[in-house]
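This report refers to the structure that appears directly beneath it.
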Amino acid sequence: MRQWYRNLDFATLLIWVMLCACGLIAIYSATHGEAQEFLLNTVQNSFQRQILWLVISTVALAIILSMPMRLLIRMVPWIYLVTIGLLVLALLIGREVGGARSWIYLGPVGFQSAELAKVGVLLMAALVLASRRKENSIMNAAMIAAGVLALPVLLIVLQNDLGTALVFVGLTPVLALCSGIPLRIVGLLILFPIAGYLAILSWQAALGFTVLVGIIAWYGTRSRVWMAAGVVASAMTFGIATFALQYVLQPHQVARIASFSNPEADEYRTNVGFHLVQSKAALGSGGWFGLGFRQGTQTQGRYIPEQSTDFVFSVIGEEWGFVGGILILLLFAALILRLLWLARAIDHPIGNLVVAGVAGIFLIHVCVNIGMVLGLLPVIGIPLPFLSYGGSALLTNTALLGIALACYMRRAEFALYW
Amino acid sequence: MTRTRFLLFCSAVVFVLSVLSFQLFRLQVTERQGLSEIARGNALRDIRVLPARGLVYDRNGTLMVQNMPTYTISLASRYFDRTRIPLLAEHLGVPESVVSLRLEEAQEHNPYRLYPSFTNVSFEQYSRILEDSYWLPGVGWEIKHRRHYSTNVRASHALGYIGEVNREELNAIDQQSDSSLYRQGDFLGRTGVERGYEPWLRGIPGVARRWVNVYGLEIMSYAQGQGDQPPRGNYDLHLTLDYRVQELAESLFVNKRGAVVALDPNDGGIIALVSKPDYPLEMFNEGIQSDAWQVLVNHDEQPLYNRATMNLMPPGSTWKPFMALLALSEGLLGDEGEEATIFCPGYHPFGQGRFFRCLDVHGHKNVVQALQNSCNTFFFELAHRMDLDVFKTYANRFGFGVEAPTDLREQTAGFIPDSAYFNRTGRYWGKGSIMNLGVGQGDMGVTPFQLARYAAALANGGTLHAPHMVSHLVEPETNERIKLPAISDPSHLGIDTAYVNLVRRGMRLVMEAGTGRASQIPGIPSAGKTGTAQAPGNFTDHSVFIMFAPFDHPRIALAVQCENTGGGSLCAAPIASLLAEIYLKREIPPSWQTDIRMQRALSATSESLISTAE
């Protein structure tokens with residue numbers, strides 16, 4: 001047998017190791033120190049637990065890398081079914097943590113079913129999109145794939161874990177882009193979140209965006225139908241978002257969504273804006289080079305809630321400064337672009353889609369999480385891959401990375417049985 | 001994946017991460033100033049560090065007042081692990097229900113902040129909780145320092161009590177000086193030495209610049225403590241008080257009201273200052289409870305009242321040395337001076353024998369003999385011959401009727417009449433009205449404090465020192481010794497030394513062959529003068545005594561006043577004698593003289609003001 005690792009992409013693995021190491025440093029800093037006694041016992045042990053989960057994740061990575069591609073592909077529908085089963089199970093017997101009923105406990109070990117679902121859903125959607133027959137329209141496959149995505153999204157929304165559900169929604173345009181669905185439809189799909197975001201920011205921006213969409217659609221397609229579709233879609237998104245903010249959502253939900261652009265306002269800064277004010281203050285006090293390991297006053301003073309999980313980036317920003325923050329962003333850029341490069345090197349559509357999908361999932365997480373920490377997006381509770389404390393997320397993300405690496409490493413195997 | 005789509009995806013990635021990088025730069029570099037100010041405002045606290053209040057030592061270096069830590073355990077209910085209730089209850093030695101109850105109190109107050117739930121826990125309990133602090137999240141502790149009186153001396157009026165600073169005082173302090181000096185909840189000296197030396201005892205609070213966490217707890221120092229200012233300017237007091245003398249005086253005053261003032265005649269240092277009844281200073285340690293305060297204020301015997309420096313009563317026969325000196329200086333005895341005699345038939349003829357009675361038929365007595373035997377007739381005659389305004393001038397020169405320069409804050413000037421006073425009262429007055437003054441009775445009032453100063457002046461040959469409690473201050477860190485400037489220059493009685501020595505001889509005879517015979521100090525010659533001051537109404541007389549010893553080089557001068565206990569030789573004299581002895585000999589060796597004095601001093605009882613009134 002040839003050395004199996006000859007085609008393993010060590011650059012990606014190196015980035016993974018570096019990100020995990022940065023995460024451990026930040027988690028250690030956030031959970032040790034003079035104010036440690038005020039943390040819950042479970043939070044005090046975060047560092048040790050994360051190391052344990054890292055070991056488990058490494059084992060999972062090794063297992064995935066050692067599996068033949070054929071076996072992996074065969075398993076996809078079963079993985080998907082198990083995923084749906086777990087999501088249903090969580091709804092029935094799950095434990096509610098932080099408002100979301102997505103935790104399943106096996107004795108003392110708990111895991112987040114919605115996190116794990118990312119693997120099965122991505123694989124299943126990629127399988128569906130890639131296995132259409134030549135004569136069938138891509139749109140038929142797309143419909144089925146949309147169903148594959150919609151079912152878990154529905155279950156996760158029922159679990160009240162909106163952040164994770166958003167990741168699946170965000171996956172739609174990514175998969176569409178990579179699966180040959182017409183670009184104008186991809187454009188339409190991307191248009192919705194942008195229009196919604198602008199609707200929250202200001203109505204002038206939303207109006208301007210609508211006009212812009214019309215112009216681009218006209219010059220892009222020279223079709224009145226598409227131009228109208230674009231304009232109507234963005235206008236509708238704008239309308240629905242505004243309507244929802246005014247009449248549907250509870251005041252505290254509106255405050256939470258609307259507060260991100262000015263969290264310092266008097267009505268927000270002590271409640272819904274508190275996270276962001278403190279997060280920004282931490283970043284600001286970090287400056288160019290940071291205050292140093294375990295020297296951040298915001299971090300050591302526990303001013304930022306969730307600082308070892310969702311707000312771990314502000315810990316890095318405060319203690320390691322702009323240099324540290326940029327290093328993290330560069331590592332993520334390298335990871336995602338490297339994954340895309342790997343995806344392009346795979347000839348087979350299924351490998352192609354899976355690897356690009358993994359890159360897409362990471363991109364969404366980075367964008368939403370860091371955007372939130374930096375005050376560009378509303379506070380949406382999703383973790384930063386490999387950095388935030390959280391066993392399920394670490395295992396899931398490592399597994400996704402492993403699958404991507406396996407697809408690249410065994411890219412020659414696709415042809416054998418397809 | 002086509003090349004276009006690959007490039008589209010890549011540019012999306014680059015776009016998103018560029019936006020994030022741009023915003024990161026904006027926050028960390030462009031807006032750094034404002035944002036880091038929010039962080040500093042969060043976390044940077046200037047914590048006031050109070051200096052330890054100065055300790056108080058007696059003249060021999062015995063620690064009298066110190067600071068004892070008291071421990072408080074606080075709970076922050078939000079962070080407290082309720083499964084640890086049994087552990088905490090066990091450490092505190094209270095039932096679990098009590099812990100639960102306190103936890104609910106803390107919850108109601110503010111679940112996120114530490115709330116003082118258990119005050120005054122013992123050091124053992126405190127250290128057990130500290131050891132287990134890892135298992136007790138949400139449990140905090142605080143150490144406060146309280147005054148602790150380490151001898152069994154009360155010295156309530158000499159040392160004084162401390163009290164929590166009130167709103168008006170805070171406002172006054174704010175207007176005068178640095179507002180960090182006192183804050184709500186601080187204590188300051190209210191009476192005695194605690195009040196008189198408040199600025200030295202207290203010192204100036206320092207500042208510790210600390211990073212605090214979101215719960216307000218200190219987590220680290222700012223810039224390695226460079227911004228800190230240590231507290232400073234607090235000094236330990238070394239008193240002139242001798243705690244053994246004070247202790248004996250307090251123990252001899254059982255069942256009695258009255259006062260003792262003992263001075264060092266060479267510099268005016270106060271060796272003992274007793275006012276009975278008194279009260280334990282510990283009552284004021286945590287801020288006095290209002291019911292306890294009401295008891296003190298409304299008590300019939302007025303324990304808060306400083307009899308030693310404020311109680312006015314006639315001096316009785318202890319006034320006679322003064323009258324003798326006045327007469328000698330003013331030549332009232334005629335050409336013969338000290339050899340002049342006055343005949344005592346048992347009364348002064350001015351009142352036809354009815355009003356101005358003597359205790360005995362003394363016959364012809366000169367001034368020394370008159371002092372020795374306390375002959376009233378002799379001193380009635382001197383008063384008969386004197387001018388009232390000259391009397392007042394002399395009395396003021398001796399420190400009566402005026403306030404003394406001293407570091408004690410509470411005193412009364414006393415009252416010495418002059419002709420203007422009698423004119424003002426509007427009645428007819430003549431020699432008869434002022435003759436009583438010759439024997440220390442009638443319309444006059446002096447304090448034990450003034451009598452002691454007068455005794456000290458007689459002891460040292462005529463110098464009046466400023467009586468003071470504090471000999472020097474010591475900086476506790478550097479042991480730097482500070483001698484405060486004298487309160488005032490000593491003044492002189494302006495009496496010929498020969499006359500003073502004559503009167504001293506008379507006072508020595510009082511002790512050796514006169515009314516003070518029974519109160520001699522074995523082996524140490526002394527001088528004294530008994531006095532019996534008439535109490536108004538039908539109450540028993542007050543017992544008064546002045547004394548100094550040893551005769552040749554006096555080291556202690558005393559005035560003792562026992563209210564409503566009878567004649568001066570009965571109660572005040574033995575007490576003064578015992579106090580002088582313990583001061584000079586450092587102990588009281590057993591002897592028959594000791595037995596007699598002890599027996600007299602202890603058996604004397606102040607007549608109750610209430611029972612007689614009923």
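Residue numbering restarts at 1 in every chain; chains get A, B, ... in the order shown in the structure tokens, and ligands count up from 1 in that same order.
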
* To do: Considering only C-alpha atoms, return as a list of chain:residue names whatever protein or nucleic-acid residues lie within 7 Å of B:Phe379, sequence-local ones (same chain, fewer than 5 positions apart) excluded.
  =>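 Those residues are B:Lys320, B:Gly438, B:Val439.
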
Export C-alpha atoms of the chosen residues as a short mmCIF file (atom, residue, chain, number, x, y, z; two decimals), in the first residue's frame?
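Result file is result_32.cif:
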data_model
loop_
_atom_site.label_atom_id
_atom_site.label_comp_id
_atom_site.auth_asym_id
_atom_site.auth_seq_id
_atom_site.Cartn_x
_atom_site.Cartn_y
_atom_site.Cartn_z
CA LYS B 320 -6.98 76.69 103.27
CA GLY B 438 -12.09 81.47 103.63
CA VAL B 439 -12.82 77.82 104.38
#

* **Residue hits in chain B, query chain A, radius 9 Å, only C-alpha atoms, as number ranges by chain** => B: 1-3, 5-6, 8-10, 13-14, 16-21, 23-40, 42-44, 79-81, 133-138, 211-220

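With distances restricted to only C-alpha atoms, B:Phe398 is the closest residue to B:Phe322 from B:Arg113, B:Pro590, B:Asn373, B:Phe398.
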
Give me the residues near B:Asp489 as a short mmCIF file (atom, residue, chain, number, x, y, z; two decimals) with N, CA and C atoms, in the first residue's frame, where near means some atom within 12 Å (using only C-alpha atoms) and where sequence neighbours in that chain fewer than 3 positions away do not count.
data_model
loop_
_atom_site.label_atom_id
_atom_site.label_comp_id
_atom_site.auth_asym_id
_atom_site.auth_seq_id
_atom_site.Cartn_x
_atom_site.Cartn_y
_atom_site.Cartn_z
N ASP B 267 5.85 68.39 85.22
CA ASP B 267 5.54 68.83 83.86
C ASP B 267 4.05 68.91 83.56
N GLY B 268 3.23 68.52 84.49
CA GLY B 268 1.79 68.60 84.25
C GLY B 268 1.20 67.39 83.57
N ALA B 404 -8.10 75.91 82.20
CA ALA B 404 -6.68 75.63 82.17
C ALA B 404 -6.24 75.32 80.74
N PRO B 405 -5.02 75.71 80.38
CA PRO B 405 -4.51 75.24 79.09
C PRO B 405 -4.25 73.74 79.18
N THR B 406 -4.89 72.97 78.33
CA THR B 406 -4.77 71.51 78.43
C THR B 406 -5.16 70.88 77.11
N THR B 463 4.78 76.57 90.38
CA THR B 463 4.65 76.64 88.92
C THR B 463 3.40 75.90 88.49
N LEU B 464 2.59 76.56 87.64
CA LEU B 464 1.39 75.92 87.10
C LEU B 464 1.70 75.42 85.68
N HIS B 465 1.72 74.11 85.52
CA HIS B 465 1.96 73.54 84.19
C HIS B 465 0.62 73.32 83.49
N ALA B 466 0.71 73.19 82.16
CA ALA B 466 -0.51 72.83 81.42
C ALA B 466 -0.71 71.32 81.55
N PRO B 467 -1.79 70.87 82.17
CA PRO B 467 -1.99 69.41 82.30
C PRO B 467 -2.24 68.80 80.93
N PRO B 485 4.74 70.43 70.69
CA PRO B 485 5.11 71.64 71.44
C PRO B 485 4.22 71.77 72.68
N ALA B 486 4.78 72.38 73.72
CA ALA B 486 4.02 72.55 74.96
C ALA B 486 2.74 73.32 74.67
N HIS B 492 3.39 81.16 86.73
CA HIS B 492 3.84 81.09 88.12
C HIS B 492 2.82 81.74 89.03
#

* Atomic separation - atom CA of A:Ala145 relative to atom CA of A:Trp218, Å ->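 We find that atom CA of A:Trp218 and atom CA of A:Ala145 lie 28.9 Å from each other.
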
* To do: Find the residues near stretch 154-158 of chain B: any atom within 10 Å, counting only C-alpha atoms, skip ones fewer than 4 places away on the same chain, and give them as an NGL selection string.
  => :B and (64 or 149-150 or 191-194 or 241 or 243 or 246-247 or 250 or 270 or 272-282 or 303-309 or 408 or 410 or 469)

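The shortest atom-to-atom distance to B:Gly461, with only C-alpha atoms taken into account, belongs to B:Arg505 out of B:Arg505, B:His145, B:Lys431, B:Arg244.
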
* To do: Extract, using only C-alpha atoms, all DNA, RNA and protein residues at most 10 Å from B:Asp264, discarding same-chain residues fewer than 4 positions from it, and format them as a ChimeraX atom specification.
  => /B:240-241,268-272,452-453,456,459-460,465,467-468,548,554-558

* Between B:Leu201, B:Leu50, B:Asp418, B:Phe284, which one has atoms that come closest to B:Arg183, using only C-alpha atoms? ->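 That would be B:Leu50, the residue with the smallest distance to B:Arg183.
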
* Those in stretch 62-227 of chain A with strand (DSSP E) from DSSP, as number ranges by chain -> A: 95-97, 100-106, 109-112

Mind writing the picked residues with N, CA and C atoms as a PDB file, in the first residue's frame?
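Okay, again34.pdb is ready:
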ATOM      1  N   ARG A  95     -32.333  18.823  26.942  1.00  0.00           N
ATOM      2  CA  ARG A  95     -32.265  19.741  28.073  1.00  0.00           C
ATOM      3  C   ARG A  95     -32.112  21.151  27.521  1.00  0.00           C
ATOM      4  N   GLU A  96     -32.765  22.083  28.175  1.00  0.00           N
ATOM      5  CA  GLU A  96     -32.704  23.453  27.686  1.00  0.00           C
ATOM      6  C   GLU A  96     -31.500  24.173  28.295  1.00  0.00           C
ATOM      7  N   VAL A  97     -30.622  24.675  27.449  1.00  0.00           N
ATOM      8  CA  VAL A  97     -29.463  25.441  27.920  1.00  0.00           C
ATOM      9  C   VAL A  97     -29.464  26.759  27.176  1.00  0.00           C
ATOM     10  N   ALA A 100     -32.186  27.345  24.459  1.00  0.00           N
ATOM     11  CA  ALA A 100     -32.368  26.443  23.320  1.00  0.00           C
ATOM     12  C   ALA A 100     -32.433  24.991  23.808  1.00  0.00           C
ATOM     13  N   ARG A 101     -33.456  24.296  23.341  1.00  0.00           N
ATOM     14  CA  ARG A 101     -33.608  22.901  23.760  1.00  0.00           C
ATOM     15  C   ARG A 101     -32.914  21.999  22.740  1.00  0.00           C
ATOM     16  N   SER A 102     -31.573  22.050  22.746  1.00  0.00           N
ATOM     17  CA  SER A 102     -30.879  21.265  21.727  1.00  0.00           C
ATOM     18  C   SER A 102     -29.859  20.321  22.339  1.00  0.00           C
ATOM     19  N   TRP A 103     -29.861  20.217  23.661  1.00  0.00           N
ATOM     20  CA  TRP A 103     -28.832  19.426  24.320  1.00  0.00           C
ATOM     21  C   TRP A 103     -29.343  18.034  24.644  1.00  0.00           C
ATOM     22  N   ILE A 104     -28.566  17.044  24.245  1.00  0.00           N
ATOM     23  CA  ILE A 104     -28.889  15.661  24.604  1.00  0.00           C
ATOM     24  C   ILE A 104     -27.790  15.168  25.536  1.00  0.00           C
ATOM     25  N   TYR A 105     -28.203  14.591  26.641  1.00  0.00           N
ATOM     26  CA  TYR A 105     -27.217  14.123  27.613  1.00  0.00           C
ATOM     27  C   TYR A 105     -27.133  12.609  27.631  1.00  0.00           C
ATOM     28  N   LEU A 106     -25.906  12.123  27.518  1.00  0.00           N
ATOM     29  CA  LEU A 106     -25.654  10.708  27.750  1.00  0.00           C
ATOM     30  C   LEU A 106     -24.864  10.641  29.050  1.00  0.00           C
ATOM     31  N   VAL A 109     -22.087  13.496  29.879  1.00  0.00           N
ATOM     32  CA  VAL A 109     -21.617  14.159  28.662  1.00  0.00           C
ATOM     33  C   VAL A 109     -22.814  14.635  27.849  1.00  0.00           C
ATOM     34  N   GLY A 110     -22.809  15.932  27.567  1.00  0.00           N
ATOM     35  CA  GLY A 110     -23.907  16.465  26.765  1.00  0.00           C
ATOM     36  C   GLY A 110     -23.380  16.924  25.435  1.00  0.00           C
ATOM     37  N   PHE A 111     -24.189  16.852  24.403  1.00  0.00           N
ATOM     38  CA  PHE A 111     -23.785  17.424  23.121  1.00  0.00           C
ATOM     39  C   PHE A 111     -24.965  18.128  22.506  1.00  0.00           C
ATOM     40  N   GLN A 112     -24.620  19.027  21.599  1.00  0.00           N
ATOM     41  CA  GLN A 112     -25.619  19.895  21.001  1.00  0.00           C
ATOM     42  C   GLN A 112     -26.020  19.279  19.665  1.00  0.00           C
TER      43      GLN A 112
END

* Asked: Which residues, written as JSON, numbers by chain, have at least one atom at most 9 Å from B:Leu509, with only C-alpha atoms counted and residues fewer than 6 positions away on the same chain left out?
  -> {"B": [368, 369, 371, 372, 373, 515, 516, 517, 527, 528]}

Go ahead and save the picked residues with C-alpha atoms, as a compact mmCIF listing (two decimals), in the first residue's frame.
# COMPACT_ATOMS: atom_id res chain seq x y z
CA VAL B 368 1.24 76.39 110.06
CA GLN B 369 -0.63 75.12 113.09
CA LEU B 371 -3.30 74.33 108.49
CA GLN B 372 -2.24 71.27 110.47
CA ASN B 373 -5.39 71.31 112.58
CA THR B 515 -6.29 65.26 109.90
CA GLY B 516 -4.44 63.11 107.30
CA ARG B 517 -2.56 61.04 109.87
CA ALA B 527 1.88 66.58 102.24
CA GLY B 528 -1.86 66.89 101.96

* Asked: Which neighbours of B:Tyr499 fall inside 12 Å, counting only C-alpha atoms, when residues of the same chain fewer than 2 positions from it are skipped, and could you give them as a VMD selection string?
  -> chain B and resid 321 to 331 337 to 339 367 to 368 458 461 to 462 493 to 497 501 to 506

* Go through A:Gly196, A:Met227, A:Tyr247, A:Gln159 one by one, measure the shortest atom-to-atom distance of each to A:Leu89 using only C-alpha atoms, and give the residue with the smallest value. =>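 Ranking A:Gly196, A:Met227, A:Tyr247, A:Gln159 by distance to A:Leu89, first place goes to A:Gln159.
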
* Where does DSSP see alpha helix (DSSP H) in stretch 39-264 of chain A, if you list the residues as number ranges by chain? -> A: 41-44, 46-66, 69-93, 113-130, 138-158, 162-178, 183-201, 203-221, 224-243, 251-258
